[in-house]
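A.B. asks: If it helps, the file is called entry_4.csv and holds CSV, C-alpha atoms:
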chain,number,residue,atom,x,y,z
A,21,MET,CA,8.4,40.1,65.6
A,22,VAL,CA,7.3,41.7,62.3
A,23,ILE,CA,7.4,40.3,58.8
A,24,TYR,CA,6.3,41.8,55.5
A,25,LEU,CA,4.3,39.8,53.1
A,26,LYS,CA,3.9,40.6,49.4
A,27,ALA,CA,1.8,38.7,46.9
A,28,GLY,CA,1.6,38.1,43.2
A,29,GLY,CA,-1.4,37.7,40.9
A,30,GLU,CA,-4.8,37.1,42.4
A,31,LEU,CA,-3.3,36.5,45.8
A,32,ARG,CA,-2.9,40.3,46.2
A,33,THR,CA,-6.6,40.8,46.9
A,34,LYS,CA,-6.6,38.0,49.5
A,35,LEU,CA,-3.5,39.5,51.2
A,36,LYS,CA,-5.2,42.8,51.9
A,37,PRO,CA,-2.0,45.0,51.6
A,38,ASP,CA,-1.7,47.8,54.2
A,39,VAL,CA,1.9,49.2,53.7
A,40,ASP,CA,1.6,49.9,50.0
A,41,ASP,CA,-0.3,48.3,47.1
A,42,TYR,CA,1.5,45.0,47.4
A,43,THR,CA,2.7,44.7,51.0
A,44,ARG,CA,1.1,43.7,54.3
A,45,ARG,CA,2.8,44.1,57.7
A,46,VAL,CA,2.2,41.1,59.9
A,47,GLU,CA,3.1,40.8,63.6
A,48,THR,CA,3.7,37.2,64.6
A,49,GLU,CA,5.4,35.0,67.1
A,50,ALA,CA,8.9,33.9,66.4
A,51,GLY,CA,9.2,30.2,65.4
A,52,LYS,CA,6.0,29.9,63.6
A,53,ALA,CA,5.9,28.4,60.1
A,54,LEU,CA,4.8,30.5,57.2
A,55,LYS,CA,1.7,28.3,56.6
A,56,ASP,CA,0.6,28.8,60.1
A,57,ILE,CA,1.1,32.6,59.9
A,58,LEU,CA,-1.0,32.6,56.7
A,59,THR,CA,-3.8,30.7,58.3
A,60,GLY,CA,-3.6,33.2,61.2
A,61,ILE,CA,-4.3,36.1,58.9
A,62,GLY,CA,-7.0,34.4,57.1
A,63,ILE,CA,-5.2,33.2,54.0
A,64,ASN,CA,-5.7,29.5,53.1
A,65,PRO,CA,-2.2,28.1,52.4
A,66,ALA,CA,-3.8,26.0,49.7
A,67,PHE,CA,-4.0,29.2,47.6
A,68,VAL,CA,-0.3,29.6,47.8
A,69,ALA,CA,2.0,27.5,45.6
A,70,PHE,CA,5.3,28.7,46.9
A,71,ALA,CA,7.0,31.7,48.4
A,72,PHE,CA,10.3,33.4,47.9
A,73,LYS,CA,12.7,35.6,49.9
A,74,ASP,CA,15.8,37.3,48.6
A,75,GLY,CA,15.5,35.5,45.3
A,76,GLN,CA,15.3,32.0,46.9
A,77,MET,CA,12.2,29.9,46.8
A,78,LYS,CA,10.8,29.0,50.2
A,79,ARG,CA,8.3,26.3,51.0
A,80,LEU,CA,5.4,27.0,53.3
A,81,ASP,CA,7.1,25.2,56.2
A,82,TYR,CA,9.7,27.9,56.2
A,83,VAL,CA,10.0,29.7,59.6
A,84,PRO,CA,10.4,33.4,58.9
A,85,LEU,CA,12.9,35.7,60.7
A,86,ASP,CA,12.2,39.1,62.1
A,87,GLY,CA,12.1,41.7,59.3
A,88,ASP,CA,11.7,39.1,56.5
A,89,VAL,CA,10.1,40.3,53.3
A,90,ILE,CA,8.4,37.3,51.8
A,91,THR,CA,6.5,37.1,48.5
A,92,LEU,CA,3.7,34.6,48.0
A,93,GLN,CA,2.9,33.2,44.6
A,94,PRO,CA,-0.3,31.5,43.5
A,95,PRO,CA,-0.5,28.3,41.6
A,96,VAL,CA,-0.6,29.0,37.8
A,97,SER,CA,-1.7,26.4,35.3
A,98,GLY,CA,-3.0,28.0,32.1
A,99,GLY,CA,-1.4,27.9,28.8
B,129,MET,CA,25.7,21.8,5.6
B,130,LEU,CA,23.7,25.0,5.1
B,131,SER,CA,22.6,25.9,1.7
B,132,ASP,CA,23.2,29.4,0.3
B,133,GLU,CA,19.5,30.2,0.8
B,134,GLU,CA,19.7,29.1,4.5
B,135,LYS,CA,22.8,31.1,5.0
B,136,GLU,CA,21.0,34.2,3.8
B,137,ARG,CA,17.8,33.4,5.6
B,138,TYR,CA,19.5,33.1,9.0
B,139,SER,CA,22.3,35.7,8.3
B,140,ARG,CA,21.2,38.0,11.1
B,141,GLN,CA,21.2,35.4,13.8
B,142,ILE,CA,24.4,33.7,12.5
B,143,LEU,CA,26.1,37.0,13.4
B,144,ILE,CA,25.5,36.4,17.1
B,145,PRO,CA,28.6,35.0,18.9
B,146,GLY,CA,28.2,31.3,19.7
B,147,TRP,CA,25.4,30.8,17.2
B,148,ASP,CA,25.6,27.5,15.3
B,149,GLN,CA,22.8,27.2,12.7
B,150,GLU,CA,23.7,23.6,11.8
B,151,ARG,CA,23.1,22.6,15.4
B,152,LEU,CA,19.6,24.1,15.3
B,153,LYS,CA,19.0,22.3,12.0
B,154,ARG,CA,20.0,19.0,13.5
B,155,ALA,CA,17.7,19.5,16.6
B,156,THR,CA,14.4,17.9,17.3
B,157,VAL,CA,12.2,19.8,19.7
B,158,LEU,CA,8.8,18.6,21.1
B,159,ILE,CA,6.1,21.1,21.7
B,160,VAL,CA,3.4,19.6,23.9
B,161,GLY,CA,0.2,21.7,23.7
B,162,LEU,CA,-0.5,24.3,20.9
B,163,GLY,CA,-2.4,26.9,22.9
B,164,GLY,CA,-1.1,30.4,23.7
B,165,LEU,CA,2.3,29.2,25.0
B,166,GLY,CA,2.8,26.7,22.2
B,167,SER,CA,1.8,29.2,19.5
B,168,ALA,CA,4.4,31.7,20.5
B,169,SER,CA,7.2,29.2,21.0
B,170,ALA,CA,6.4,27.2,17.8
B,171,LEU,CA,6.5,30.2,15.5
B,172,TYR,CA,9.8,31.5,16.9
B,173,LEU,CA,11.4,28.1,17.0
B,174,ALA,CA,10.4,27.6,13.4
B,175,ALA,CA,11.7,31.0,12.4
B,176,ALA,CA,15.0,30.3,14.1
B,177,GLY,CA,15.4,27.2,12.0
B,178,ILE,CA,15.0,24.3,14.4
B,179,GLY,CA,15.3,21.3,12.0
B,180,ARG,CA,12.4,19.2,13.3
B,181,LEU,CA,9.4,20.3,15.4
B,182,ARG,CA,7.3,17.6,16.8
B,183,ILE,CA,4.0,19.2,17.7
B,184,CYS,CA,1.3,17.5,19.8
B,185,ASP,CA,-2.2,18.5,20.6
B,186,GLY,CA,-5.6,16.7,20.3
B,187,ASP,CA,-7.7,19.8,20.3
B,188,ARG,CA,-9.6,21.8,17.7
B,189,VAL,CA,-9.5,25.6,17.4
B,190,GLU,CA,-12.3,27.4,19.2
B,191,PRO,CA,-13.3,31.1,19.0
B,192,SER,CA,-12.1,31.8,22.5
B,193,ASP,CA,-8.6,30.6,21.5
B,194,LEU,CA,-8.1,33.5,19.1
B,195,ASN,CA,-7.2,36.1,21.7
B,196,ARG,CA,-3.8,34.5,22.3
B,197,GLN,CA,-3.2,31.5,20.0
B,198,THR,CA,-1.5,33.2,17.2
B,199,LEU,CA,-0.9,30.1,15.1
B,200,TYR,CA,-4.6,30.3,14.1
B,201,SER,CA,-7.0,32.6,12.3
B,202,GLU,CA,-10.8,32.7,11.9
B,203,SER,CA,-10.5,30.2,9.0
B,204,SER,CA,-9.0,27.7,11.5
B,205,LEU,CA,-12.1,27.5,13.6
B,206,GLY,CA,-13.2,23.9,14.2
B,207,LEU,CA,-10.1,22.5,12.6
B,208,LEU,CA,-7.4,20.4,14.3
B,209,LYS,CA,-4.8,22.5,15.9
B,210,VAL,CA,-1.9,20.3,14.8
B,211,GLU,CA,-3.0,20.6,11.2
B,212,GLU,CA,-3.4,24.3,11.3
B,213,ALA,CA,-0.2,24.8,13.3
B,214,GLY,CA,1.7,22.6,10.8
B,215,ARG,CA,0.4,24.7,7.9
B,216,ARG,CA,1.4,27.9,9.6
B,217,ILE,CA,4.9,26.7,10.5
B,218,SER,CA,5.5,25.3,7.0
B,219,ALA,CA,4.3,28.6,5.5
B,220,LEU,CA,6.8,30.5,7.8
B,221,ASN,CA,9.7,28.1,7.2
B,222,PRO,CA,9.3,25.3,4.7
B,223,SER,CA,12.7,23.8,5.7
B,224,VAL,CA,11.4,22.8,9.1
B,225,VAL,CA,10.2,19.2,9.3
B,226,VAL,CA,7.0,19.1,11.2
B,227,GLU,CA,5.8,16.0,12.9
B,228,LYS,CA,2.1,16.4,13.7
B,229,LEU,CA,0.6,14.3,16.4
B,230,ASP,CA,-3.1,14.7,16.9
B,231,VAL,CA,-3.2,13.4,20.4
B,232,PHE,CA,-3.4,14.6,24.0
B,233,MET,CA,-0.3,13.6,26.0
B,234,ASP,CA,-1.1,11.1,28.7
B,235,SER,CA,0.8,8.6,30.8
B,236,GLN,CA,0.4,5.9,28.2
B,237,ASN,CA,1.8,7.9,25.2
B,238,ALA,CA,4.2,10.3,26.9
B,239,GLY,CA,7.3,8.2,26.6
B,240,GLU,CA,6.8,7.6,22.9
B,241,LEU,CA,6.1,11.2,22.2
B,242,MET,CA,9.4,12.3,23.7
B,243,GLU,CA,11.6,9.7,22.2
B,244,GLY,CA,14.5,11.3,20.2
B,245,CYS,CA,13.8,14.8,21.4
B,246,GLN,CA,16.6,17.0,22.8
B,247,VAL,CA,14.3,19.3,24.7
B,248,ILE,CA,10.6,19.8,25.3
B,249,VAL,CA,8.5,22.9,25.4
B,250,ASP,CA,5.6,22.8,27.8
B,251,GLY,CA,2.6,24.4,26.1
B,252,LEU,CA,0.1,22.6,28.3
B,253,ASP,CA,-2.9,24.2,30.0
B,254,ASN,CA,-3.2,22.1,33.1
B,255,LEU,CA,-1.0,20.8,35.9
B,256,LYS,CA,-2.2,17.2,35.7
B,257,SER,CA,-0.7,16.9,32.2
B,258,ARG,CA,2.4,18.8,33.2
B,259,PHE,CA,3.0,16.3,36.0
B,260,ILE,CA,2.9,13.5,33.4
B,261,LEU,CA,5.4,15.5,31.3
B,262,ASN,CA,7.6,16.1,34.3
B,263,GLN,CA,7.6,12.4,35.3
B,264,GLU,CA,8.4,11.1,31.9
B,265,SER,CA,10.9,13.7,30.9
B,266,PHE,CA,12.7,12.9,34.2
B,267,ARG,CA,12.7,9.2,33.4
B,268,GLN,CA,14.1,9.9,29.9
B,269,ARG,CA,16.4,12.6,31.2
B,270,ILE,CA,15.1,15.1,28.6
B,271,PRO,CA,14.9,18.7,29.9
B,272,PHE,CA,11.7,20.6,29.6
B,273,VAL,CA,11.0,24.3,29.6
B,274,PHE,CA,8.0,25.0,31.8
B,275,GLY,CA,5.6,27.7,31.2
B,276,ALA,CA,2.2,28.6,32.8
B,277,VAL,CA,0.0,31.6,32.8
B,278,HIS,CA,-3.0,33.1,34.6
B,279,GLY,CA,-4.4,36.5,33.8
B,280,TRP,CA,-1.4,38.9,33.6
B,281,LEU,CA,0.9,36.5,35.6
B,282,GLY,CA,3.2,34.1,34.0
B,283,TYR,CA,5.9,31.6,35.1
B,284,ALA,CA,8.7,30.1,33.0
B,285,GLY,CA,11.4,27.7,34.2
B,286,PHE,CA,13.8,25.1,32.9
B,287,PHE,CA,13.8,21.7,34.6
B,288,HIS,CA,16.5,19.1,34.0
B,289,PRO,CA,16.7,16.9,37.1
B,290,PRO,CA,18.7,15.5,38.8
B,291,GLU,CA,20.9,18.6,37.9
B,292,THR,CA,18.0,20.9,38.9
B,293,SER,CA,14.8,20.6,40.8
B,294,CYS,CA,11.7,19.4,38.9
B,295,LEU,CA,8.1,20.6,38.6
B,296,ALA,CA,7.0,18.4,41.5
B,297,CYS,CA,9.5,20.2,43.8
B,298,LEU,CA,7.7,23.4,43.0
B,299,MET,CA,4.0,22.6,42.8
B,300,ARG,CA,1.4,19.9,43.5
B,301,PRO,CA,-0.9,18.5,40.9
B,302,ASP,CA,-3.9,19.3,43.1
B,303,PHE,CA,-3.3,23.0,42.4
B,304,ASP,CA,-5.2,22.5,39.1
B,305,ARG,CA,-8.4,24.6,38.9
B,306,PRO,CA,-11.4,23.3,37.2
B,307,GLU,CA,-12.8,26.6,36.0
B,308,ARG,CA,-11.7,28.4,32.8
B,309,VAL,CA,-8.4,30.2,33.4
B,310,PRO,CA,-8.5,34.0,32.7
B,311,VAL,CA,-5.7,35.0,30.4
B,312,SER,CA,-4.6,38.1,28.6
B,313,GLY,CA,-3.2,37.1,25.2
B,314,VAL,CA,0.1,38.9,25.7
B,315,THR,CA,0.9,36.8,28.8
B,316,PRO,CA,1.4,33.4,27.1
B,317,GLY,CA,3.0,35.3,24.2
B,318,THR,CA,5.6,36.7,26.5
B,319,ILE,CA,6.2,33.5,28.4
B,320,GLY,CA,6.2,31.4,25.2
B,321,LEU,CA,9.0,33.6,23.7
B,322,PHE,CA,11.1,33.2,26.9
B,323,GLN,CA,10.6,29.4,26.5
B,324,ALA,CA,11.6,29.5,22.9
B,325,GLY,CA,14.7,31.6,23.7
B,326,GLU,CA,15.8,29.1,26.4
B,327,VAL,CA,15.3,26.2,24.0
B,328,ILE,CA,17.4,27.8,21.3
B,329,LYS,CA,20.2,28.6,23.8
B,330,TRP,CA,20.0,25.0,25.1
B,331,VAL,CA,20.4,23.5,21.7
B,332,LEU,CA,23.3,25.9,20.9
B,333,GLY,CA,25.0,25.0,24.1
B,334,LEU,CA,24.8,28.5,25.4
B,335,HIS,CA,24.0,29.7,28.9
B,336,THR,CA,20.4,29.1,29.9
B,337,PRO,CA,19.6,31.4,32.8
B,338,LEU,CA,16.4,29.7,33.7
B,339,LEU,CA,18.0,26.3,34.3
B,340,GLY,CA,17.0,25.5,37.9
B,341,ARG,CA,15.3,28.9,38.3
B,342,LEU,CA,11.9,30.3,37.8
B,343,LEU,CA,11.0,33.6,36.0
B,344,ILE,CA,7.9,35.3,37.5
B,345,TYR,CA,6.5,37.8,35.1
B,346,ASP,CA,3.7,40.1,36.2
B,347,GLY,CA,2.2,42.2,33.4
B,348,THR,CA,0.1,44.3,35.7
B,349,ASP,CA,3.2,46.2,36.9
B,350,LEU,CA,5.6,44.9,34.3
B,351,SER,CA,7.8,43.2,36.9
B,352,PHE,CA,10.2,40.4,36.3
B,353,GLU,CA,11.7,38.3,39.1
B,354,ILE,CA,14.0,35.3,38.7
B,355,ILE,CA,14.3,33.1,41.8
B,356,SER,CA,16.4,30.0,42.5
B,357,LEU,CA,14.5,26.8,43.0
B,358,GLY,CA,15.8,24.5,45.6
B,359,LYS,CA,15.3,20.7,45.2
B,360,ASN,CA,12.7,19.3,47.5
B,361,PRO,CA,14.4,16.4,49.4
B,362,ALA,CA,11.0,14.8,49.7
B,363,CYS,CA,10.1,15.2,46.0
B,364,PRO,CA,8.1,12.2,44.9
B,365,VAL,CA,9.7,12.4,41.4
B,366,CYS,CA,13.3,13.4,41.5
B,367,SER,CA,14.5,13.1,45.1
B,368,LYS,CA,15.7,9.5,44.7
B,369,ALA,CA,17.9,10.2,41.6
Could you quickly redo this structure as structure tokens?

C.D. replies:
Amino acid sequence: MVIYLKAGGELRTKLKPDVDDYTRRVETEAGKALKDILTGIGINPAFVAFAFKDGQMKRLDYVPLDGDVITLQPPVSGG
Amino acid sequence: MLSDEEKERYSRQILIPGWDQERLKRATVLIVGLGGLGSASALYLAAAGIGRLRICDGDRVEPSDLNRQTLYSESSLGLLKVEEAGRRISALNPSVVVEKLDVFMDSQNAGELMEGCQVIVDGLDNLKSRFILNQESFRQRIPFVFGAVHGWLGYAGFFHPPETSCLACLMRPDFDRPERVPVSGVTPGTIGLFQAGEVIKWVLGLHTPLLGRLLIYDGTDLSFEIISLGKNPACPVCSKA
């Protein structure tokens, strides 16, 4: 199946977008958790605070569905 | 009761439907941290006429603060932030009672700092302190308006568990980064103003769109996204409420 990952902030450079400036197309097996998909494409899940899809926050144990567009957000702590 | 001077001073905002200036005058708001976020929120909360601002920061003003911490000027360098912030707030609106607390919030003093406040503004610059704030505000059931920035990226949210999720449902304290955080001055300015707006609406009893949600602002492409935050059933702070 195919999912599309987007990323905010400094995660964008780690994601290596290939569809447009923000989006990477990822082929993966169904049933795999997001954190395992990230590891498989070389992104350390520790760099990702949370993800969201269709306006809803998703944790990294979320199991994506075919065609999902998921945005990854980095931890942010400054003030 | 508002004086004639106050009625004139706040006349433009009193025109807004649902506005109750006396409620703002009776309110006590705690601002923890007087950096970029705290600077923006403190000035606008003072300008709006929040009656009592309790401001808390143990730091002194450094040159590298001046790109974003608009409470201060070059003459503030080396001085305590709470003193300089207090002066600036009083110059802007002398009717605001300013409680100045020259301390860093920690697990020992957090409870006392929050006592009597209706709502808290997170102006902190690290996640460790935010987790203390999150824990204690949950214990006292005082809502807090979260803000955090990095570069051009900013987050703002409104946590009031058990009604909503809490910060620990969203992030882990080990996300803190030891190095200096890069930040454009306009990012905490933008996020701090959203925080102030949510505080004012909360005090007024108006709709607060960020309650239980997170605003993600990315200044590189000027995008805004608001997402719903689900509670984490395994949250170490709020799941047992």

A.B. asks: Taking all atoms listed in the file into account, find every residue of chain A that has an atom no more than 9 Å from chain B, and write it out as a ChimeraX atom specification.

C.D. replies: /A:28-30,66-67,69-70,72-79,93,95-99

A.B. asks: What gap, in Å, lies between atom CA of Arg267 of chain B and atom CA of Pro364 of chain B?

C.D. replies: 12.7 Å

A.B. asks: Write out as a PyMOL selection string each polymer residue whose atoms come within 6 Å of Thr43 of chain A, counting all atoms listed in the file; drop sequence neighbours fewer than 5 positions from it.

C.D. replies: chain A and resi 25-26+37

A.B. asks: Name all residues at most 10 Å from Lys34 of chain A (count only C-alpha atoms; drop same-chain ones fewer than 4 positions away) and give them as a list in words.

C.D. replies: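 Once the adjacent positions are removed, what remains is Ala27, Glu30, Ile61, Gly62, Ile63, Asn64 and Phe67 of chain A.
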
A.B. asks: Just want the 9 Å neighbourhood of Glu211 of chain B, counted on all atoms listed in the file, with same-chain residues fewer than 5 positions away dropped. Output as a PDB file with C-alpha atoms, in the coordinates of the input.

C.D. replies:
ATOM      1  CA  ARG B 216       1.400  27.900   9.600  1.00  0.00           C
ATOM      2  CA  LYS B 228       2.100  16.400  13.700  1.00  0.00           C
ATOM      3  CA  LEU B 229       0.600  14.300  16.400  1.00  0.00           C
ATOM      4  CA  ASP B 230      -3.100  14.700  16.900  1.00  0.00           C
TER       5      ASP B 230
END

A.B. asks: Using Å and a single decimal, report how far atom CA of Val225 of chain B sits from atom CA of Arg188 of chain B.

C.D. replies: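 Going from atom CA of Arg188 of chain B over to atom CA of Val225 of chain B, I get 21.7 Å.
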
A.B. asks: Please indicate the distance in Å from atom CA of Asp88 of chain A to atom CA of Gly60 of chain A, rounded to one decimal place.

C.D. replies: 17.1 Å

A.B. asks: Set the distance at 12 Å and use only C-alpha atoms: which residues neighbour segment 288-292 of chain B once local chain neighbours fewer than 4 positions away are removed? I'd like the list as a VMD selection string.

C.D. replies: chain B and resid 246 to 248 261 to 274 296 to 298 330 336 338 to 342 356 to 361 363 365 to 369

A.B. asks: Select, from A:Arg45, A:Met21, A:Thr59, A:Asp40, the residue with the minimum atom-to-atom distance to Ile90 of chain A, counting all atoms listed in the file.

C.D. replies: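 The closest residue to Ile90 of chain A is A:Arg45.
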
A.B. asks: Would you list the residues near (12.2, 28.1, 23.7) (no more than 9 Å away, in the coordinates of the file, using all atoms listed in the file) as a list of chain:residue names?

C.D. replies: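 Nearby residues: B:Ser169, B:Ala170, B:Tyr172, B:Leu173, B:Ile248, B:Val249, B:Val273, B:Gly320, B:Leu321, B:Phe322, B:Gln323, B:Ala324, B:Gly325, B:Glu326, B:Val327, B:Ile328, B:Lys329, B:Trp330.
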
A.B. asks: Please provide the set of residues having any atom within 12 Å of Val189 of chain B, restricted to all atoms listed in the file, with same-chain residues fewer than 4 positions apart removed, written as a PDB file with C-alpha atoms, keeping the file's coordinate frame.

C.D. replies:
ATOM      1  CA  LEU B 162      -0.500  24.300  20.900  1.00  0.00           C
ATOM      2  CA  GLY B 163      -2.400  26.900  22.900  1.00  0.00           C
ATOM      3  CA  GLY B 164      -1.100  30.400  23.700  1.00  0.00           C
ATOM      4  CA  ASP B 185      -2.200  18.500  20.600  1.00  0.00           C
ATOM      5  CA  ASP B 193      -8.600  30.600  21.500  1.00  0.00           C
ATOM      6  CA  LEU B 194      -8.100  33.500  19.100  1.00  0.00           C
ATOM      7  CA  ASN B 195      -7.200  36.100  21.700  1.00  0.00           C
ATOM      8  CA  ARG B 196      -3.800  34.500  22.300  1.00  0.00           C
ATOM      9  CA  GLN B 197      -3.200  31.500  20.000  1.00  0.00           C
ATOM     10  CA  THR B 198      -1.500  33.200  17.200  1.00  0.00           C
ATOM     11  CA  LEU B 199      -0.900  30.100  15.100  1.00  0.00           C
ATOM     12  CA  TYR B 200      -4.600  30.300  14.100  1.00  0.00           C
ATOM     13  CA  SER B 201      -7.000  32.600  12.300  1.00  0.00           C
ATOM     14  CA  GLU B 202     -10.800  32.700  11.900  1.00  0.00           C
ATOM     15  CA  SER B 203     -10.500  30.200   9.000  1.00  0.00           C
ATOM     16  CA  SER B 204      -9.000  27.700  11.500  1.00  0.00           C
ATOM     17  CA  LEU B 205     -12.100  27.500  13.600  1.00  0.00           C
ATOM     18  CA  GLY B 206     -13.200  23.900  14.200  1.00  0.00           C
ATOM     19  CA  LEU B 207     -10.100  22.500  12.600  1.00  0.00           C
ATOM     20  CA  LEU B 208      -7.400  20.400  14.300  1.00  0.00           C
ATOM     21  CA  LYS B 209      -4.800  22.500  15.900  1.00  0.00           C
ATOM     22  CA  VAL B 210      -1.900  20.300  14.800  1.00  0.00           C
ATOM     23  CA  GLU B 211      -3.000  20.600  11.200  1.00  0.00           C
ATOM     24  CA  GLU B 212      -3.400  24.300  11.300  1.00  0.00           C
ATOM     25  CA  ALA B 213      -0.200  24.800  13.300  1.00  0.00           C
TER      26      ALA B 213
END

A.B. asks: Complete the atoms of segment 136-153 of chain B to N, CA and C atoms and put them out as a PDB file, keeping the file's coordinate frame.

C.D. replies:
ATOM      1  N   GLU B 136      21.588  32.863   3.899  1.00  0.00           N
ATOM      2  CA  GLU B 136      21.000  34.200   3.800  1.00  0.00           C
ATOM      3  C   GLU B 136      19.820  34.361   4.729  1.00  0.00           C
ATOM      4  N   ARG B 137      18.981  33.333   4.782  1.00  0.00           N
ATOM      5  CA  ARG B 137      17.800  33.400   5.600  1.00  0.00           C
ATOM      6  C   ARG B 137      18.149  33.677   7.094  1.00  0.00           C
ATOM      7  N   TYR B 138      19.186  32.981   7.559  1.00  0.00           N
ATOM      8  CA  TYR B 138      19.500  33.100   9.000  1.00  0.00           C
ATOM      9  C   TYR B 138      20.706  34.043   9.233  1.00  0.00           C
ATOM     10  N   SER B 139      21.034  34.861   8.229  1.00  0.00           N
ATOM     11  CA  SER B 139      22.300  35.700   8.300  1.00  0.00           C
ATOM     12  C   SER B 139      22.305  36.589   9.505  1.00  0.00           C
ATOM     13  N   ARG B 140      21.150  37.104   9.937  1.00  0.00           N
ATOM     14  CA  ARG B 140      21.200  38.000  11.100  1.00  0.00           C
ATOM     15  C   ARG B 140      21.466  37.334  12.381  1.00  0.00           C
ATOM     16  N   GLN B 141      20.964  36.118  12.550  1.00  0.00           N
ATOM     17  CA  GLN B 141      21.200  35.400  13.800  1.00  0.00           C
ATOM     18  C   GLN B 141      22.588  34.739  13.826  1.00  0.00           C
ATOM     19  N   ILE B 142      23.064  34.357  12.639  1.00  0.00           N
ATOM     20  CA  ILE B 142      24.400  33.700  12.500  1.00  0.00           C
ATOM     21  C   ILE B 142      25.475  34.711  13.019  1.00  0.00           C
ATOM     22  N   LEU B 143      25.174  36.001  12.952  1.00  0.00           N
ATOM     23  CA  LEU B 143      26.100  37.000  13.400  1.00  0.00           C
ATOM     24  C   LEU B 143      26.322  36.988  14.942  1.00  0.00           C
ATOM     25  N   ILE B 144      25.399  36.354  15.665  1.00  0.00           N
ATOM     26  CA  ILE B 144      25.500  36.400  17.100  1.00  0.00           C
ATOM     27  C   ILE B 144      26.597  35.414  17.578  1.00  0.00           C
ATOM     28  N   PRO B 145      27.484  35.881  18.456  1.00  0.00           N
ATOM     29  CA  PRO B 145      28.600  35.000  18.900  1.00  0.00           C
ATOM     30  C   PRO B 145      28.027  33.724  19.543  1.00  0.00           C
ATOM     31  N   GLY B 146      28.603  32.609  19.180  1.00  0.00           N
ATOM     32  CA  GLY B 146      28.200  31.300  19.700  1.00  0.00           C
ATOM     33  C   GLY B 146      27.076  30.641  18.920  1.00  0.00           C
ATOM     34  N   TRP B 147      26.558  31.333  17.924  1.00  0.00           N
ATOM     35  CA  TRP B 147      25.400  30.800  17.200  1.00  0.00           C
ATOM     36  C   TRP B 147      25.964  29.678  16.222  1.00  0.00           C
ATOM     37  N   ASP B 148      25.267  28.552  16.163  1.00  0.00           N
ATOM     38  CA  ASP B 148      25.600  27.500  15.300  1.00  0.00           C
ATOM     39  C   ASP B 148      24.362  26.970  14.588  1.00  0.00           C
ATOM     40  N   GLN B 149      24.103  27.515  13.431  1.00  0.00           N
ATOM     41  CA  GLN B 149      22.800  27.200  12.700  1.00  0.00           C
ATOM     42  C   GLN B 149      22.703  25.747  12.411  1.00  0.00           C
ATOM     43  N   GLU B 150      23.811  25.084  12.152  1.00  0.00           N
ATOM     44  CA  GLU B 150      23.700  23.600  11.800  1.00  0.00           C
ATOM     45  C   GLU B 150      23.240  22.830  13.020  1.00  0.00           C
ATOM     46  N   ARG B 151      23.617  23.275  14.211  1.00  0.00           N
ATOM     47  CA  ARG B 151      23.100  22.600  15.400  1.00  0.00           C
ATOM     48  C   ARG B 151      21.611  22.709  15.525  1.00  0.00           C
ATOM     49  N   LEU B 152      21.110  23.887  15.229  1.00  0.00           N
ATOM     50  CA  LEU B 152      19.600  24.100  15.300  1.00  0.00           C
ATOM     51  C   LEU B 152      18.980  23.197  14.211  1.00  0.00           C
ATOM     52  N   LYS B 153      19.616  23.111  13.055  1.00  0.00           N
ATOM     53  CA  LYS B 153      19.000  22.300  12.000  1.00  0.00           C
ATOM     54  C   LYS B 153      18.985  20.831  12.319  1.00  0.00           C
TER      55      LYS B 153
END
